[in-house]
Amino acid sequence: MARNYFGGTAADSAENESGGRLPNLKGRVYASADSPDLVTDLLDASGNALKDGLLTDERGMIPPFQGPDGVEQLWVDFNAGRVMLTPNNVGKRLSAHVSDLDPHGSMAYTNERLTEVMKRDSNEVPLPSNRRWLGLLNTTESPGGDTIYQSNGAETHNFILRKDGSMTLYQHTNNHVPLELSAGAAVNEYALVINGSKFDGGNGAFKIDWRGTITSGGDIKAGGNIAASGTVTASNIGTARVFSGTVDPASQGVALKPGDIWVQYGS
């Protein structure tokens with residue numbers, strides 16, 4: 001805190017009991033009406049120490065001086081009893097306080113706290129290493145209370161995440177796919193990996209790489225047809241390709257390889 005200014009006004013005079021002025025007289029300064037200790041940490045208006053103490057001028061007036069840091073009241077005694085002095089710079093301090101952009105520091109504190117608050121739109125949250133952005137916890141055991149996050153749509157949820165790790169995606173229109181997974185263009189980067197029984201270096205039980213290649217560590221069972229423009233490999237067929245239909249694939253520009261199979265049906 002800063003020092004306050006005392007004295008120097010028309011009301012700040014040293015008088016005896018009869019009302020007479022007391023010029024060139026040294027006064028004693030105290031911190032309260034009954035404190036026995038003298039206050040010696042006093043400066044003149046220019047900031048110089050009052051080595052001779054507080055003296056009245058030739059008219060008996062108390063000249064302007066600075067009290068100790070942060071002190072709001074001082075008591076002076078010029079041999080006629082203690083009287084209280086109040087700061088004469090209160091008006092200036094109040095005006096500066098009112099015009100100050102952040103007099104209490106609340107704006108700076110709020111701005112500091114707001115840097116940690118998420119915006120409602122276009123939010124970006126920079127996180128230090130090994131920090132989670134969001135943790136969701138649901139301990140409810142009642143029926144239907146297993147949802148920890150739900151994004152609502154036009155008729156029902158768009159996306160549900162349950163506390164057991166399962167999730168549901170719902171498509172409301174024909175204009176969007178329910179699930180789209182993208183990966184980088186580098187080799188061996190996967191768009192989807194499902195972990196389970198480990199295989200192929202522990203990369204997952206089922207995976208789809210960025211080129212669209214599907215690899216499964218277990219059997220693939222389909223109730224409908226399986227159509228592929230690439231090679232289908234399995235432990236029971238090796239690298240053979242299977243063709244079916246009414247027309248010989250060789251006549252359609254397909255270069256048959258040893259082990260390829262053509263199952264003809266129809267006419």
# chains A, B, ... in the order shown; residues from 1 in each chain; ligands from 1

$ residues_around --residues "segment 33-48 of chain A" --least-positions-apart "6" --cutoff "6 Å" --atoms "only C-alpha atoms" --output "PDB file with all heavy atoms, in the first residue's frame"
ATOM      1  N   PRO A  64       1.926  19.768   5.329  1.00  0.00           N
ATOM      2  CA  PRO A  64       1.616  18.451   4.766  1.00  0.00           C
ATOM      3  C   PRO A  64       2.776  17.484   4.976  1.00  0.00           C
ATOM      4  O   PRO A  64       3.946  17.842   4.813  1.00  0.00           O
ATOM      5  CB  PRO A  64       1.374  18.746   3.282  1.00  0.00           C
ATOM      6  CG  PRO A  64       2.041  20.042   3.014  1.00  0.00           C
ATOM      7  CD  PRO A  64       1.974  20.823   4.291  1.00  0.00           C
ATOM      8  N   PHE A  65       2.439  16.243   5.355  1.00  0.00           N
ATOM      9  CA  PHE A  65       3.468  15.218   5.549  1.00  0.00           C
ATOM     10  C   PHE A  65       2.850  13.855   5.225  1.00  0.00           C
ATOM     11  O   PHE A  65       1.628  13.706   5.105  1.00  0.00           O
ATOM     12  CB  PHE A  65       4.019  15.251   6.988  1.00  0.00           C
ATOM     13  CG  PHE A  65       3.025  14.815   8.036  1.00  0.00           C
ATOM     14  CD1 PHE A  65       3.001  13.506   8.516  1.00  0.00           C
ATOM     15  CD2 PHE A  65       2.103  15.725   8.554  1.00  0.00           C
ATOM     16  CE1 PHE A  65       2.090  13.107   9.477  1.00  0.00           C
ATOM     17  CE2 PHE A  65       1.185  15.331   9.527  1.00  0.00           C
ATOM     18  CZ  PHE A  65       1.175  14.024   9.987  1.00  0.00           C
ATOM     19  N   GLN A  66       3.707  12.859   5.080  1.00  0.00           N
ATOM     20  CA  GLN A  66       3.271  11.513   4.748  1.00  0.00           C
ATOM     21  C   GLN A  66       3.427  10.595   5.960  1.00  0.00           C
ATOM     22  O   GLN A  66       4.463  10.592   6.618  1.00  0.00           O
ATOM     23  CB  GLN A  66       4.090  10.930   3.598  1.00  0.00           C
ATOM     24  CG  GLN A  66       4.016  11.751   2.319  1.00  0.00           C
ATOM     25  CD  GLN A  66       4.850  11.143   1.219  1.00  0.00           C
ATOM     26  OE1 GLN A  66       4.667   9.973   0.853  1.00  0.00           O
ATOM     27  NE2 GLN A  66       5.769  11.939   0.672  1.00  0.00           N
ATOM     28  N   GLY A  67       2.355   9.861   6.251  1.00  0.00           N
ATOM     29  CA  GLY A  67       2.382   8.918   7.355  1.00  0.00           C
ATOM     30  C   GLY A  67       2.970   7.583   6.921  1.00  0.00           C
ATOM     31  O   GLY A  67       3.370   7.392   5.767  1.00  0.00           O
ATOM     32  N   PRO A  68       3.025   6.631   7.841  1.00  0.00           N
ATOM     33  CA  PRO A  68       3.530   5.293   7.500  1.00  0.00           C
ATOM     34  C   PRO A  68       2.666   4.629   6.424  1.00  0.00           C
ATOM     35  O   PRO A  68       1.519   5.005   6.198  1.00  0.00           O
ATOM     36  CB  PRO A  68       3.447   4.536   8.831  1.00  0.00           C
ATOM     37  CG  PRO A  68       3.455   5.599   9.874  1.00  0.00           C
ATOM     38  CD  PRO A  68       2.720   6.760   9.279  1.00  0.00           C
TER      39      PRO A  68
END

$ residues_around --residues "Met61 of chain A" --least-positions-apart "5" --cutoff "8 Å" --atoms "only C-alpha atoms" --output "list of chain:residue names"
A:Gly8, A:Ala10, A:Asp12, A:Ser13, A:Ala14, A:Arg21, A:Leu22, A:Pro23, A:Thr56

$ write_last_selection --atoms "all heavy atoms" --output "CSV table (one decimal), in the first residue's frame"
chain,number,residue,atom,x,y,z
A,8,GLY,N,-1.7,20.1,6.2
A,8,GLY,CA,-1.7,21.0,5.0
A,8,GLY,C,-3.0,21.6,4.7
A,8,GLY,O,-3.1,22.3,3.7
A,10,ALA,N,-6.7,23.9,6.0
A,10,ALA,CA,-7.1,25.0,6.9
A,10,ALA,C,-7.5,24.5,8.2
A,10,ALA,O,-7.4,25.2,9.2
A,10,ALA,CB,-8.2,25.8,6.3
A,12,ASP,N,-5.9,22.0,9.8
A,12,ASP,CA,-4.8,21.3,10.5
A,12,ASP,C,-3.9,22.4,11.1
A,12,ASP,O,-2.9,22.8,10.6
A,12,ASP,CB,-4.0,20.5,9.5
A,12,ASP,CG,-4.9,19.4,8.9
A,12,ASP,OD1,-5.7,18.8,9.6
A,12,ASP,OD2,-4.8,19.1,7.7
A,13,SER,N,-4.3,22.8,12.4
A,13,SER,CA,-3.5,23.7,13.1
A,13,SER,C,-3.2,23.2,14.5
A,13,SER,O,-3.9,22.4,15.0
A,13,SER,CB,-4.2,25.1,13.2
A,13,SER,OG,-5.4,25.0,13.9
A,14,ALA,N,-2.1,23.7,15.1
A,14,ALA,CA,-1.8,23.4,16.5
A,14,ALA,C,-2.2,24.5,17.4
A,14,ALA,O,-1.8,25.7,17.2
A,14,ALA,CB,-0.3,23.1,16.6
A,21,ARG,N,-2.7,29.8,18.4
A,21,ARG,CA,-1.8,29.0,17.6
A,21,ARG,C,-0.5,28.8,18.3
A,21,ARG,O,0.0,29.6,19.0
A,21,ARG,CB,-1.6,29.7,16.2
A,21,ARG,CG,-2.9,29.9,15.4
A,21,ARG,CD,-3.3,28.7,14.7
A,21,ARG,NE,-4.5,28.8,13.9
A,21,ARG,CZ,-4.5,29.3,12.7
A,21,ARG,NH1,-3.4,29.6,12.1
A,21,ARG,NH2,-5.6,29.4,12.0
A,22,LEU,N,0.1,27.7,17.9
A,22,LEU,CA,1.4,27.3,18.5
A,22,LEU,C,2.4,27.1,17.3
A,22,LEU,O,2.6,26.1,16.8
A,22,LEU,CB,1.3,26.0,19.2
A,22,LEU,CG,0.2,25.9,20.4
A,22,LEU,CD1,0.1,24.5,20.9
A,22,LEU,CD2,0.6,26.9,21.5
A,23,PRO,N,3.1,28.3,17.0
A,23,PRO,CA,4.1,28.2,15.9
A,23,PRO,C,5.4,27.5,16.3
A,23,PRO,O,5.8,27.6,17.4
A,23,PRO,CB,4.3,29.7,15.5
A,23,PRO,CG,4.0,30.4,16.8
A,23,PRO,CD,2.9,29.6,17.5
A,56,THR,N,5.3,22.5,13.6
A,56,THR,CA,4.3,23.5,13.0
A,56,THR,C,5.1,24.6,12.3
A,56,THR,O,6.3,24.8,12.6
A,56,THR,CB,3.4,24.1,14.1
A,56,THR,OG1,4.2,24.8,15.1
A,56,THR,CG2,2.6,23.0,14.7

$ select_by_dssp --residues "segment 46-241 of chain A" --states "alpha helix (DSSP H)" --output "list in words"
Val90, Gly91, Lys92, Arg93, Leu94, Ser95, Ala96, His97, Val98, Ser99, Ser106, Met107, Ala108, Tyr109, Thr110, Asn111, Glu112, Arg113 and Leu114 of chain A

$ residues_around --residues "Asp219 of chain A" --least-positions-apart "2" --cutoff "10 Å" --atoms "only C-alpha atoms" --output "tab-separated table (two decimals) with N, CA and C atoms, in the first residue's frame"
chain	number	residue	atom	x	y	z
A	216	SER	N	-8.83	-60.25	-40.31
A	216	SER	CA	-9.50	-60.82	-39.14
A	216	SER	C	-8.69	-61.98	-38.61
A	217	GLY	N	-8.57	-62.04	-37.30
A	217	GLY	CA	-7.87	-63.15	-36.67
A	217	GLY	C	-8.74	-64.37	-36.49
A	221	LYS	N	-18.06	-64.97	-41.05
A	221	LYS	CA	-19.29	-65.65	-41.43
A	221	LYS	C	-20.26	-64.61	-41.98
A	222	ALA	N	-20.83	-64.92	-43.12
A	222	ALA	CA	-21.74	-63.98	-43.76
A	222	ALA	C	-23.02	-64.70	-44.13
A	234	ALA	N	-7.80	-67.02	-46.91
A	234	ALA	CA	-8.24	-67.69	-45.68
A	234	ALA	C	-7.45	-68.97	-45.54
A	235	SER	N	-7.42	-69.54	-44.33
A	235	SER	CA	-6.63	-70.74	-44.09
A	235	SER	C	-7.14	-71.95	-44.86

$ residues_around --residues "segment 122-134 of chain A" --least-positions-apart "6" --cutoff "12 Å" --atoms "only C-alpha atoms" --output "PDB file with N, CA and C atoms, in the first residue's frame"
ATOM      1  N   THR A 115      -9.594 -18.479 -18.750  1.00  0.00           N
ATOM      2  CA  THR A 115      -8.744 -19.192 -19.704  1.00  0.00           C
ATOM      3  C   THR A 115      -8.865 -20.696 -19.523  1.00  0.00           C
ATOM      4  N   GLU A 116      -9.383 -21.146 -18.387  1.00  0.00           N
ATOM      5  CA  GLU A 116      -9.548 -22.569 -18.131  1.00  0.00           C
ATOM      6  C   GLU A 116     -10.982 -23.030 -18.364  1.00  0.00           C
ATOM      7  N   ILE A 148     -23.626 -42.718 -19.971  1.00  0.00           N
ATOM      8  CA  ILE A 148     -22.782 -41.667 -19.418  1.00  0.00           C
ATOM      9  C   ILE A 148     -22.731 -40.454 -20.343  1.00  0.00           C
ATOM     10  N   TYR A 149     -23.086 -40.640 -21.614  1.00  0.00           N
ATOM     11  CA  TYR A 149     -23.160 -39.503 -22.529  1.00  0.00           C
ATOM     12  C   TYR A 149     -24.198 -39.810 -23.598  1.00  0.00           C
TER      13      TYR A 149
END

$ atom_distance --atom1 "atom CA of Thr231 of chain A" --atom2 "atom CA of Pro178 of chain A"
27.5 Å

$ closest_residue --among "A:Glu17, A:Asp52, A:Asn89, A:Met107" --to "Asp77 of chain A" --atoms "only C-alpha atoms"
A:Glu17

$ select_by_dssp --residues "segment 20-219 of chain A" --states "strand (DSSP E or B)" --output "PyMOL selection string"
chain A and resi 21+26-30+38+43-44+49+54-55+61+65-69+74-77+82-85+147-152+157-162+167-169+190-194+206-209+214-216

$ residues_around --residues "Gly266 of chain A" --least-positions-apart "4" --cutoff "12 Å" --atoms "only C-alpha atoms" --output "PDB file with C-alpha atoms, in the first residue's frame"
ATOM      1  CA  SER A 244     -19.218 -67.891 -60.202  1.00  0.00           C
ATOM      2  CA  GLY A 245     -21.742 -67.095 -62.860  1.00  0.00           C
ATOM      3  CA  THR A 246     -22.808 -67.993 -66.389  1.00  0.00           C
ATOM      4  CA  VAL A 247     -19.732 -66.707 -68.218  1.00  0.00           C
ATOM      5  CA  ASP A 248     -16.196 -68.065 -68.081  1.00  0.00           C
TER       6      ASP A 248
END

$ atom_distance --atom1 "atom CA of Ala227 of chain A" --atom2 "atom CA of Lys207 of chain A"
18.3 Å

$ residues_around --residues "Val232 of chain A" --least-positions-apart "6" --cutoff "12 Å" --atoms "only C-alpha atoms" --output "list in words"
Thr213, Ile214, Thr215, Ser216, Ile220, Ile226, Gly238, Thr239, Ala240, Arg241, Val242, Phe243 and Asp260 of chain A

$ closest_residue --among "A:Tyr5, A:Tyr265, A:Phe206, A:Tyr190" --to "Lys92 of chain A" --atoms "only C-alpha atoms"
A:Tyr5

$ atom_distance --atom1 "atom CA of Phe159 of chain A" --atom2 "atom CA of Gln171 of chain A"
9.2 Å
